[in-house]
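Text of the file query_17.tsv, holding TSV, C-alpha atoms:
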```tsv
chain	number	residue	atom	x	y	z
U	25	MET	CA	88.95	-34.69	-36.22
U	26	SER	CA	90.78	-34.13	-32.94
U	27	ILE	CA	89.15	-34.38	-29.52
U	28	THR	CA	87.88	-30.98	-28.39
U	29	ALA	CA	85.47	-29.67	-25.79
U	30	ILE	CA	81.85	-29.15	-26.82
U	31	ASP	CA	80.90	-25.50	-26.59
U	32	ALA	CA	78.81	-24.50	-23.55
U	33	HIS	CA	75.71	-23.58	-25.57
U	34	SER	CA	75.59	-27.00	-27.26
U	35	VAL	CA	76.14	-28.79	-23.94
U	36	HIS	CA	73.23	-26.84	-22.46
U	37	ARG	CA	70.89	-27.85	-25.30
U	38	ILE	CA	72.00	-31.50	-25.24
U	39	THR	CA	71.58	-31.99	-21.48
U	40	SER	CA	68.32	-30.00	-21.35
U	41	GLY	CA	66.71	-32.51	-23.69
U	42	GLN	CA	67.40	-35.23	-21.12
U	43	VAL	CA	65.67	-33.40	-18.27
U	44	VAL	CA	62.52	-32.40	-20.17
U	45	VAL	CA	61.71	-35.17	-22.61
U	46	ASP	CA	58.00	-34.61	-23.20
U	47	LEU	CA	54.97	-32.52	-22.21
U	48	GLN	CA	54.33	-34.38	-18.95
U	49	SER	CA	57.90	-33.94	-17.70
U	50	ALA	CA	57.70	-30.19	-18.33
U	51	VAL	CA	54.46	-29.95	-16.34
U	52	LYS	CA	55.83	-32.20	-13.60
U	53	GLU	CA	58.86	-29.98	-12.97
U	54	LEU	CA	56.75	-26.83	-12.67
U	55	VAL	CA	54.14	-28.38	-10.36
U	56	GLU	CA	56.90	-29.73	-8.12
U	57	ASN	CA	58.41	-26.24	-7.84
U	58	SER	CA	55.04	-24.95	-6.66
U	59	LEU	CA	54.73	-27.70	-4.05
U	60	ASP	CA	58.27	-27.03	-2.80
U	61	ALA	CA	57.36	-23.33	-2.48
U	62	GLY	CA	54.65	-24.21	0.04
U	63	ALA	CA	51.70	-23.47	-2.26
U	64	THR	CA	48.20	-24.41	-1.10
U	65	SER	CA	46.64	-23.59	-4.47
U	66	ILE	CA	48.05	-24.55	-7.88
U	67	GLU	CA	46.48	-23.92	-11.28
U	68	VAL	CA	47.76	-25.71	-14.37
U	69	ARG	CA	46.54	-23.98	-17.52
U	70	PHE	CA	47.11	-25.58	-20.92
U	71	GLN	CA	46.52	-23.74	-24.16
U	72	ASN	CA	45.71	-26.01	-27.11
U	73	HIS	CA	46.58	-29.12	-25.02
U	74	GLY	CA	49.95	-27.59	-24.12
U	75	LEU	CA	51.05	-27.10	-27.71
U	76	LYS	CA	50.77	-23.30	-27.52
U	77	SER	CA	51.61	-22.76	-23.86
U	78	ILE	CA	51.64	-24.12	-20.31
U	79	GLU	CA	51.04	-21.83	-17.36
U	80	ILE	CA	51.43	-22.78	-13.69
U	81	VAL	CA	49.98	-20.34	-11.14
U	82	ASP	CA	50.54	-20.81	-7.39
U	83	ASN	CA	50.22	-18.96	-4.09
U	84	GLY	CA	53.55	-20.17	-2.72
U	85	SER	CA	56.28	-18.16	-1.04
U	86	GLY	CA	57.36	-16.36	-4.21
U	87	ILE	CA	60.94	-15.62	-5.30
U	88	ALA	CA	63.03	-13.02	-3.51
U	89	PRO	CA	64.54	-10.23	-5.68
U	90	LYS	CA	68.09	-11.30	-4.74
U	91	ASP	CA	67.45	-14.64	-6.47
U	92	TYR	CA	66.08	-13.31	-9.78
U	93	ASP	CA	69.36	-13.71	-11.65
U	94	SER	CA	69.73	-17.31	-10.44
U	95	ILE	CA	66.18	-18.56	-11.13
U	96	ALA	CA	67.00	-20.45	-14.32
U	97	LEU	CA	70.76	-20.95	-14.18
U	98	LYS	CA	71.98	-24.52	-14.51
U	99	HIS	CA	72.53	-26.31	-11.18
U	100	TYR	CA	71.45	-23.36	-9.05
U	101	THR	CA	69.12	-24.54	-6.31
U	102	SER	CA	67.97	-23.76	-2.78
U	103	LYS	CA	67.27	-27.43	-2.01
U	104	LEU	CA	70.78	-28.72	-1.23
U	105	ALA	CA	74.34	-27.49	-0.90
U	106	SER	CA	76.40	-30.69	-1.23
U	107	PHE	CA	76.17	-34.27	-2.47
U	108	GLU	CA	75.75	-35.53	1.08
U	109	ASP	CA	72.44	-33.65	1.34
U	110	LEU	CA	70.89	-36.08	-1.16
U	111	SER	CA	70.37	-38.67	1.56
U	112	ARG	CA	68.27	-36.18	3.53
U	113	VAL	CA	66.47	-34.18	0.85
U	114	LEU	CA	62.69	-33.97	1.33
U	115	THR	CA	61.81	-31.62	-1.52
U	116	PHE	CA	60.63	-32.78	-4.95
U	117	GLY	CA	63.28	-30.81	-6.81
U	118	PHE	CA	66.96	-30.62	-5.95
U	119	ARG	CA	69.10	-30.81	-9.12
U	120	GLY	CA	68.66	-27.20	-10.30
U	121	GLU	CA	68.10	-28.25	-13.91
U	122	ALA	CA	64.39	-27.91	-14.70
U	123	LEU	CA	63.93	-24.19	-15.30
U	124	SER	CA	67.24	-23.92	-17.12
U	125	SER	CA	66.24	-26.78	-19.40
U	126	LEU	CA	62.82	-25.27	-20.12
U	127	CYS	CA	64.48	-22.02	-21.15
U	128	ALA	CA	66.56	-23.90	-23.71
U	129	LEU	CA	63.64	-25.94	-25.04
U	130	THR	CA	60.94	-23.29	-25.48
U	131	ASP	CA	60.18	-20.21	-27.53
U	132	GLY	CA	59.46	-18.13	-24.44
U	133	PHE	CA	59.90	-18.48	-20.67
U	134	THR	CA	58.41	-15.92	-18.27
U	135	VAL	CA	58.23	-15.81	-14.48
U	136	THR	CA	55.87	-13.50	-12.57
U	137	THR	CA	56.45	-13.54	-8.83
U	138	ALA	CA	55.89	-11.70	-5.54
U	139	THR	CA	56.85	-12.45	-1.96
U	140	SER	CA	54.61	-11.57	0.97
U	141	SER	CA	56.64	-8.41	1.63
U	142	GLU	CA	56.25	-7.24	-2.00
U	143	SER	CA	52.58	-8.11	-2.54
U	144	PRO	CA	50.37	-6.72	-4.08
U	145	MET	CA	53.15	-5.61	-6.42
U	146	GLY	CA	55.21	-8.27	-8.18
U	147	THR	CA	57.87	-8.59	-10.87
U	148	VAL	CA	57.60	-10.12	-14.33
U	149	ILE	CA	60.89	-11.61	-15.53
U	150	GLU	CA	61.60	-12.78	-19.07
U	151	MET	CA	64.41	-15.31	-19.55
U	152	ASP	CA	66.56	-16.03	-22.58
U	153	ARG	CA	67.44	-19.56	-23.76
U	154	ASN	CA	70.54	-19.65	-21.57
U	155	GLY	CA	68.51	-19.05	-18.42
U	156	LYS	CA	69.67	-15.47	-18.03
U	157	VAL	CA	67.37	-12.53	-17.32
U	158	ARG	CA	66.42	-10.74	-20.54
U	159	SER	CA	64.07	-8.14	-19.04
U	160	LYS	CA	62.25	-7.24	-15.81
U	161	GLY	CA	59.20	-5.13	-15.05
U	162	LYS	CA	56.65	-4.44	-12.35
U	163	ILE	CA	53.14	-5.92	-12.36
U	164	ALA	CA	50.24	-6.41	-9.94
U	165	ARG	CA	50.58	-9.80	-8.24
U	166	GLN	CA	49.55	-11.35	-4.94
U	167	ARG	CA	52.08	-13.57	-3.18
U	168	GLY	CA	53.11	-16.53	-5.31
U	169	THR	CA	54.61	-17.36	-8.69
U	170	THR	CA	53.34	-17.79	-12.25
U	171	VAL	CA	55.53	-19.58	-14.80
U	172	THR	CA	54.56	-19.41	-18.47
U	173	VAL	CA	56.17	-21.68	-21.07
U	174	SER	CA	55.44	-21.00	-24.75
U	175	ASN	CA	55.88	-23.33	-27.73
U	176	LEU	CA	57.54	-26.25	-26.00
U	177	PHE	CA	60.33	-27.90	-28.08
U	178	LYS	CA	60.28	-25.13	-30.72
U	179	PRO	CA	64.12	-25.13	-30.86
U	180	LEU	CA	64.08	-28.90	-31.54
U	181	PRO	CA	62.21	-29.40	-34.83
U	182	VAL	CA	61.98	-33.20	-34.67
U	183	ARG	CA	60.68	-33.29	-31.11
U	184	ARG	CA	58.30	-30.39	-31.81
U	185	LYS	CA	56.90	-32.21	-34.82
U	186	GLU	CA	56.37	-35.31	-32.70
U	187	LEU	CA	54.48	-33.26	-30.10
U	188	GLU	CA	52.31	-31.68	-32.80
U	189	ARG	CA	51.51	-35.07	-34.32
U	190	ASN	CA	50.55	-36.62	-30.97
U	191	THR	CA	49.23	-33.59	-29.10
U	192	LYS	CA	46.17	-35.20	-27.52
U	193	ARG	CA	47.99	-38.37	-26.57
U	194	GLU	CA	50.77	-36.37	-24.89
U	195	PHE	CA	48.16	-34.20	-23.20
U	196	GLN	CA	46.47	-37.31	-21.79
U	197	LYS	CA	49.81	-38.55	-20.45
U	198	ALA	CA	50.28	-35.20	-18.74
U	199	LEU	CA	46.78	-35.46	-17.23
U	200	ASN	CA	47.52	-38.96	-15.92
U	201	LEU	CA	50.65	-37.65	-14.21
U	202	LEU	CA	48.73	-34.75	-12.73
U	203	HIS	CA	46.23	-37.29	-11.37
U	204	ALA	CA	49.14	-38.82	-9.44
U	205	TYR	CA	50.09	-35.45	-7.97
U	206	ALA	CA	46.47	-34.73	-7.07
U	207	LEU	CA	46.09	-38.08	-5.27
U	208	VAL	CA	49.03	-38.06	-2.85
U	209	PRO	CA	51.37	-35.02	-2.99
U	210	CYS	CA	48.48	-32.53	-3.06
U	211	ALA	CA	46.73	-34.43	-0.27
U	212	LEU	CA	49.81	-34.67	1.97
U	213	GLU	CA	51.90	-31.57	1.24
U	214	ASN	CA	51.34	-28.19	2.89
U	215	LYS	CA	48.25	-29.46	4.80
U	216	GLY	CA	46.38	-29.96	1.53
U	217	VAL	CA	46.79	-28.33	-1.88
U	218	ARG	CA	43.96	-27.26	-4.18
U	219	LEU	CA	44.87	-28.35	-7.74
U	220	THR	CA	42.96	-27.09	-10.78
U	221	VAL	CA	43.76	-28.26	-14.31
U	222	SER	CA	42.20	-26.63	-17.38
U	223	ASN	CA	42.67	-26.58	-21.15
U	224	GLN	CA	41.93	-23.60	-23.40
U	225	THR	CA	41.09	-24.27	-27.06
U	226	GLU	CA	39.24	-22.36	-29.76
U	227	GLY	CA	36.03	-23.82	-28.36
U	228	GLY	CA	36.64	-22.33	-24.92
U	229	GLN	CA	38.12	-23.35	-21.60
U	230	VAL	CA	37.42	-26.77	-20.11
U	231	VAL	CA	38.31	-27.66	-16.50
U	232	GLN	CA	39.74	-31.18	-16.63
U	233	PHE	CA	39.55	-31.72	-12.87
U	234	LYS	CA	39.72	-29.78	-9.63
U	235	THR	CA	40.51	-30.85	-6.07
U	236	ASP	CA	39.33	-28.88	-3.05
U	237	GLY	CA	42.55	-28.93	-1.06
U	238	SER	CA	41.37	-31.42	1.55
U	239	PRO	CA	44.24	-33.43	3.11
U	240	SER	CA	42.51	-36.69	2.14
U	241	ILE	CA	43.37	-39.21	-0.58
U	242	ARG	CA	39.74	-40.36	-0.71
U	243	THR	CA	38.57	-36.80	-1.36
U	244	SER	CA	41.14	-36.48	-4.14
U	245	VAL	CA	39.90	-39.72	-5.76
U	246	LEU	CA	36.36	-38.35	-5.59
U	247	ALA	CA	37.45	-35.12	-7.32
U	248	VAL	CA	39.38	-36.87	-10.08
U	249	TRP	CA	37.05	-39.79	-10.96
U	250	GLY	CA	33.79	-39.32	-9.06
U	251	SER	CA	32.03	-41.31	-6.34
U	252	LYS	CA	31.87	-44.54	-8.35
U	253	ALA	CA	35.66	-44.85	-8.14
U	254	LEU	CA	35.40	-45.30	-4.35
U	255	GLU	CA	33.14	-48.34	-4.60
U	256	ASN	CA	34.83	-51.52	-3.36
U	257	ILE	CA	37.84	-49.53	-2.11
U	258	VAL	CA	39.43	-50.01	1.31
U	259	ASP	CA	42.29	-48.34	3.18
U	260	LEU	CA	45.79	-49.69	2.71
U	261	ASP	CA	47.83	-49.35	5.90
U	262	LEU	CA	50.76	-51.73	6.43
U	263	SER	CA	53.80	-51.55	8.70
U	264	PHE	CA	56.76	-53.90	8.76
U	265	ASP	CA	60.53	-54.01	9.10
U	266	VAL	CA	62.80	-55.00	6.23
U	267	GLU	CA	66.21	-56.51	6.82
U	268	THR	CA	68.96	-54.59	5.09
U	269	GLU	CA	70.68	-56.69	2.46
U	270	LYS	CA	74.29	-57.60	3.19
U	271	SER	CA	75.52	-55.96	0.00
U	272	VAL	CA	74.04	-52.67	1.17
U	273	LEU	CA	75.63	-53.01	4.60
U	274	ARG	CA	79.01	-53.63	2.99
U	275	ARG	CA	78.69	-50.48	0.92
U	276	VAL	CA	77.77	-48.45	3.99
U	277	ASP	CA	80.45	-49.90	6.27
U	278	PRO	CA	82.53	-52.95	5.21
U	279	ASP	CA	83.39	-53.74	8.85
U	280	ASN	CA	79.82	-53.59	10.11
U	281	ASP	CA	78.34	-57.09	10.53
U	282	ILE	CA	75.44	-55.92	12.70
U	283	SER	CA	72.03	-56.70	11.22
U	284	VAL	CA	70.15	-53.51	10.42
U	285	VAL	CA	66.44	-53.21	9.70
U	286	THR	CA	64.48	-50.49	7.94
U	287	PRO	CA	60.99	-49.54	9.14
U	288	VAL	CA	58.57	-49.39	6.20
U	289	LYS	CA	54.95	-48.26	5.91
U	290	VAL	CA	52.69	-48.66	2.89
U	291	GLN	CA	49.64	-46.39	3.02
U	292	GLY	CA	46.88	-45.48	0.60
U	293	LEU	CA	43.87	-47.23	-0.97
U	294	ILE	CA	43.29	-50.57	-2.68
U	295	SER	CA	40.41	-52.56	-4.17
U	296	LYS	CA	38.68	-55.02	-1.86
U	297	PHE	CA	40.14	-58.51	-2.00
U	298	ALA	CA	37.05	-60.08	-3.55
U	299	VAL	CA	35.90	-61.36	-6.93
U	300	GLY	CA	34.52	-58.52	-9.06
U	301	ALA	CA	35.93	-55.75	-6.87
U	302	GLY	CA	38.96	-54.99	-9.06
U	303	ARG	CA	39.51	-53.61	-12.55
U	304	THR	CA	40.14	-55.19	-15.93
U	305	SER	CA	43.42	-53.28	-16.37
U	306	VAL	CA	46.18	-51.65	-14.32
U	307	ASP	CA	45.22	-48.16	-15.51
U	308	ARG	CA	44.57	-46.88	-11.99
U	309	GLN	CA	47.65	-47.94	-10.11
U	310	PHE	CA	49.73	-45.16	-8.60
U	311	PHE	CA	52.88	-45.69	-6.56
U	312	PHE	CA	54.92	-43.25	-4.49
U	313	VAL	CA	58.02	-43.23	-2.31
U	314	ASN	CA	57.70	-40.75	0.55
U	315	GLY	CA	55.01	-38.96	-1.45
U	316	ARG	CA	57.08	-38.80	-4.66
U	317	PRO	CA	55.56	-40.50	-7.75
U	318	PHE	CA	57.83	-43.22	-9.10
U	319	ASN	CA	58.02	-46.11	-11.55
U	320	PRO	CA	57.37	-49.07	-9.22
U	321	GLY	CA	58.54	-52.17	-11.12
U	322	LYS	CA	58.88	-54.99	-8.59
U	323	VAL	CA	56.66	-53.36	-5.95
U	324	GLN	CA	53.74	-53.10	-8.37
U	325	LYS	CA	54.25	-56.69	-9.51
U	326	ALA	CA	54.26	-57.97	-5.91
U	327	ILE	CA	51.02	-56.20	-4.99
U	328	ASN	CA	49.30	-57.45	-8.14
U	329	GLU	CA	50.44	-61.03	-7.50
U	330	VAL	CA	49.06	-60.97	-3.96
U	331	TYR	CA	45.77	-59.46	-5.13
U	332	ARG	CA	45.30	-62.08	-7.85
U	333	THR	CA	45.40	-64.87	-5.28
U	334	PHE	CA	41.95	-63.55	-4.31
U	335	ASN	CA	40.73	-62.18	-7.63
U	336	ILE	CA	42.52	-64.01	-10.44
U	337	ASN	CA	40.84	-62.24	-13.36
U	338	GLN	CA	41.23	-58.63	-12.25
U	339	SER	CA	43.81	-56.11	-11.10
U	340	PRO	CA	43.36	-53.81	-8.13
U	341	PHE	CA	42.85	-50.09	-8.01
U	342	VAL	CA	45.96	-49.08	-6.04
U	343	ILE	CA	47.30	-45.92	-4.49
U	344	ALA	CA	50.35	-46.99	-2.50
U	345	ASN	CA	52.72	-44.60	-0.75
U	346	VAL	CA	55.84	-46.41	0.47
U	347	ILE	CA	57.18	-44.51	3.47
U	348	LEU	CA	60.75	-45.19	4.55
U	349	PRO	CA	63.82	-43.28	5.78
U	350	THR	CA	65.34	-41.02	3.12
U	351	ASN	CA	68.68	-42.82	3.39
U	352	ALA	CA	67.00	-46.12	2.44
U	353	CYS	CA	66.45	-45.05	-1.16
U	354	ASP	CA	68.26	-43.24	-3.95
U	355	ILE	CA	66.22	-40.59	-5.77
U	356	ASN	CA	69.13	-39.27	-7.84
U	357	VAL	CA	68.98	-41.96	-10.53
U	358	SER	CA	67.51	-40.24	-13.58
U	359	PRO	CA	67.07	-36.56	-14.53
U	360	ASP	CA	63.26	-36.81	-14.25
U	361	LYS	CA	63.57	-38.36	-10.75
U	362	ARG	CA	60.85	-40.92	-11.57
U	363	THR	CA	63.27	-43.84	-11.20
U	364	ILE	CA	64.06	-44.55	-7.55
U	365	PHE	CA	66.37	-47.25	-6.26
U	366	LEU	CA	65.13	-48.87	-3.06
U	367	HIS	CA	67.87	-50.31	-0.91
U	368	SER	CA	67.10	-53.96	-0.06
U	369	GLU	CA	64.28	-53.90	-2.61
U	370	ASN	CA	64.17	-57.70	-2.89
U	371	ASN	CA	63.57	-58.06	0.83
U	372	LEU	CA	60.91	-55.35	0.75
U	373	VAL	CA	59.13	-57.10	-2.12
U	374	GLN	CA	59.31	-60.41	-0.24
U	375	ALA	CA	57.65	-58.72	2.73
U	376	LEU	CA	54.81	-57.51	0.51
U	377	LYS	CA	54.30	-61.02	-0.88
U	378	VAL	CA	53.70	-62.75	2.46
U	379	ARG	CA	50.55	-64.79	1.84
U	380	PRO	CA	47.17	-63.42	2.98
U	381	TYR	CA	44.77	-65.33	5.21
U	382	ILE	CA	41.24	-66.31	4.17
U	383	GLY	CA	38.71	-63.49	4.62
U	384	HIS	CA	41.27	-60.78	5.40
U	385	TRP	CA	44.52	-59.35	4.14
U	386	LYS	CA	46.94	-59.74	7.00
U	387	LEU	CA	50.53	-58.89	6.32
U	388	CYS	CA	53.07	-60.68	8.46
U	389	SER	CA	55.59	-58.23	9.83
U	390	SER	CA	58.89	-59.49	11.10
U	391	SER	CA	62.07	-57.91	12.23
U	392	ARG	CA	63.79	-60.23	9.77
U	393	PHE	CA	63.11	-60.77	6.10
U	394	PRO	CA	63.24	-62.64	3.74
U	395	LEU	CA	61.14	-65.69	4.51
U	396	ALA	CA	62.41	-68.64	6.42
U	397	PRO	CA	63.10	-71.87	4.45
U	398	THR	CA	59.61	-73.13	5.31
U	399	GLY	CA	58.09	-70.35	3.21
U	400	ARG	CA	56.63	-68.59	6.26
U	401	ALA	CA	57.88	-65.33	7.67
U	402	ARG	CA	59.80	-65.69	10.89
U	403	ASN	CA	58.32	-64.17	14.06
U	404	CYS	CA	55.08	-63.11	12.32
U	405	VAL	CA	52.78	-60.63	13.94
U	406	PHE	CA	49.58	-59.29	12.44
U	407	VAL	CA	49.89	-55.64	11.64
U	408	ARG	CA	46.82	-54.73	9.65
U	409	THR	CA	43.50	-56.32	8.79
U	410	ILE	CA	41.44	-55.12	5.83
U	411	ASN	CA	37.91	-56.47	5.88
U	412	VAL	CA	36.47	-57.59	2.59
```
Structure re-expressed in structure tokens:
Amino acid sequence: MSITAIDAHSVHRITSGQVVVDLQSAVKELVENSLDAGATSIEVRFQNHGLKSIEIVDNGSGIAPKDYDSIALKHYTSKLASFEDLSRVLTFGFRGEALSSLCALTDGFTVTTATSSESPMGTVIEMDRNGKVRSKGKIARQRGTTVTVSNLFKPLPVRRKELERNTKREFQKALNLLHAYALVPCALENKGVRLTVSNQTEGGQVVQFKTDGSPSIRTSVLAVWGSKALENIVDLDLSFDVETEKSVLRRVDPDNDISVVTPVKVQGLISKFAVGAGRTSVDRQFFFVNGRPFNPGKVQKAINEVYRTFNINQSPFVIANVILPTNACDINVSPDKRTIFLHSENNLVQALKVRPYIGHWKLCSSSRFPLAPTGRARNCVFVRTINV
């Protein structure tokens, strides 16, 4: 067989399966669109644990009529215009792949939307599997957007069968991810976002959890897990500079031998540094980079190692938002954007592992990392004290 180009329809189906790989990634993409649209209220409605349908309802800016034909086309986005914009992007979405992929992987994809100038009249738009508009009609709608996805993975029999066989497990994974969005993005974005998650089955509708839109991580924890979850929890608020690794400097400018530092903050909540104050597992550890949920790897390991010097038999409850300049990380690593490369990650981890002092957690902050040969950070200053 000679080498030939794959037809466009097959390419679309192949690449779409990489963007939306399971139920939680489908939900994630839709919730992020709502946050990027400036919504202050988001409802996530599952039917039969997401097996029948997923519906996301928001009160965001809505979609302008001139953009209807581009809503679900591959690599159409309002978030960036060129590759260089990636180093400055602040939105959750930016690749222009999510809605197009969902069209290819579902049995039905419908968007109902209205801008402030159109409200209380909106437009319902039905898409085909190529992301093109199949039909349009008028409908009553206040400002915002509703996206309805029916029969996820119906065009992919093997993946659909897997979802049917593990419906409740996949639903729980989606809930866990929505917990992450409730904790930090919904507390920090748009001055607070009210997030409601429900599931409709034959037995009726059950609200899984609901936040009140307060711009507070503590309030979000209270809404998701109740008041008991806040016992033995203290604020996490660290600031330090991380020296840029030489390899990174060479990539940026081979002739630049000037030492550059990156200001870093780590904010959130953590269990008290005391015996019995932690948890028996790492089930409640959530990590973010500039408010974006990510797979933490070395950062999570470093925080757990430090915590276990105080409480060897337990792991901490952790909500940690790593705040750094957008050009100090790479968010365009994987289609789901959950993998993030941190420039000078080893030096950042070393900063997090500076040893605590008895009775308090004091993080040494220096304009130069890693540690000096003596094992102590050079030019240490105390930045934050957390009483235990």
Next item on the list: Tell me, as JSON, numbers by chain, which residues lie within 8 Å of segment 140-153 of chain U, counting only C-alpha atoms; anything in the same chain fewer than 5 positions away does not count.
Entry: {"U": [85, 86, 92, 96, 124, 127, 128, 129, 130, 132, 133, 134, 135, 158, 159, 160, 161, 162, 163, 164, 165, 166, 167]}
Notebook entry, point to check: Neighbours of Gln291 of chain U within 8 Å (all atoms listed in the file; same-chain residues fewer than 2 positions away dropped), as a VMD selection string?
Noted result: chain U and resid 259 to 262 289 293 343 to 347
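From atom CA of Glu121 of chain U back to atom CA of Tyr100 of chain U, the distance works out to 7.7 Å.
If you count only C-alpha atoms and ignore residues fewer than 5 places along the chain from segment 238-250 of chain U, what sits within 8 Å of it is His203, Ala206, Leu207, Val208, Cys210, Ala211, Leu212, Lys215, Gly216, Val217, Arg218, Phe233 and Gly292 of chain U.
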Notebook entry, point to check: Which neighbours of Lys325 of chain U fall inside 10 Å, counting all atoms listed in the file, when residues of the same chain fewer than 6 positions from it are skipped, and could you give them as a PyMOL selection string?
Noted result: chain U and resi 331+373+377
Next item on the list: For Cys353 of chain U, please output as an MDAnalysis selection string all residues within 6 Å (counting all atoms listed in the file; exclusion window: fewer than 4 positions along the same chain).
Entry: chainID U and resid 365:367
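Between atom CA of Ile78 of chain U and atom CA of Val306 of chain U there is a distance of 28.7 Å.
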Checklist line | Shortest interatomic distance to Ser58 of chain U - which of U:Leu187, U:Pro209, U:Lys192, U:Lys197, counting all atoms listed in the file | finding: U:Pro209
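Across the structure, atom CA of Val342 of chain U and atom CA of Ser295 of chain U are spaced 6.8 Å apart.
Remark: for Thr333 of chain U, the closest of the candidate residues U:Val299, U:Asp354, U:Gly321, U:Ser251 is U:Val299 (distances computed over all atoms listed in the file).
You can rank U:Leu201, U:Leu54, U:Val330, U:Val43 by their closest distance to Phe311 of chain U using only C-alpha atoms, and at the top of that list sits U:Leu201.
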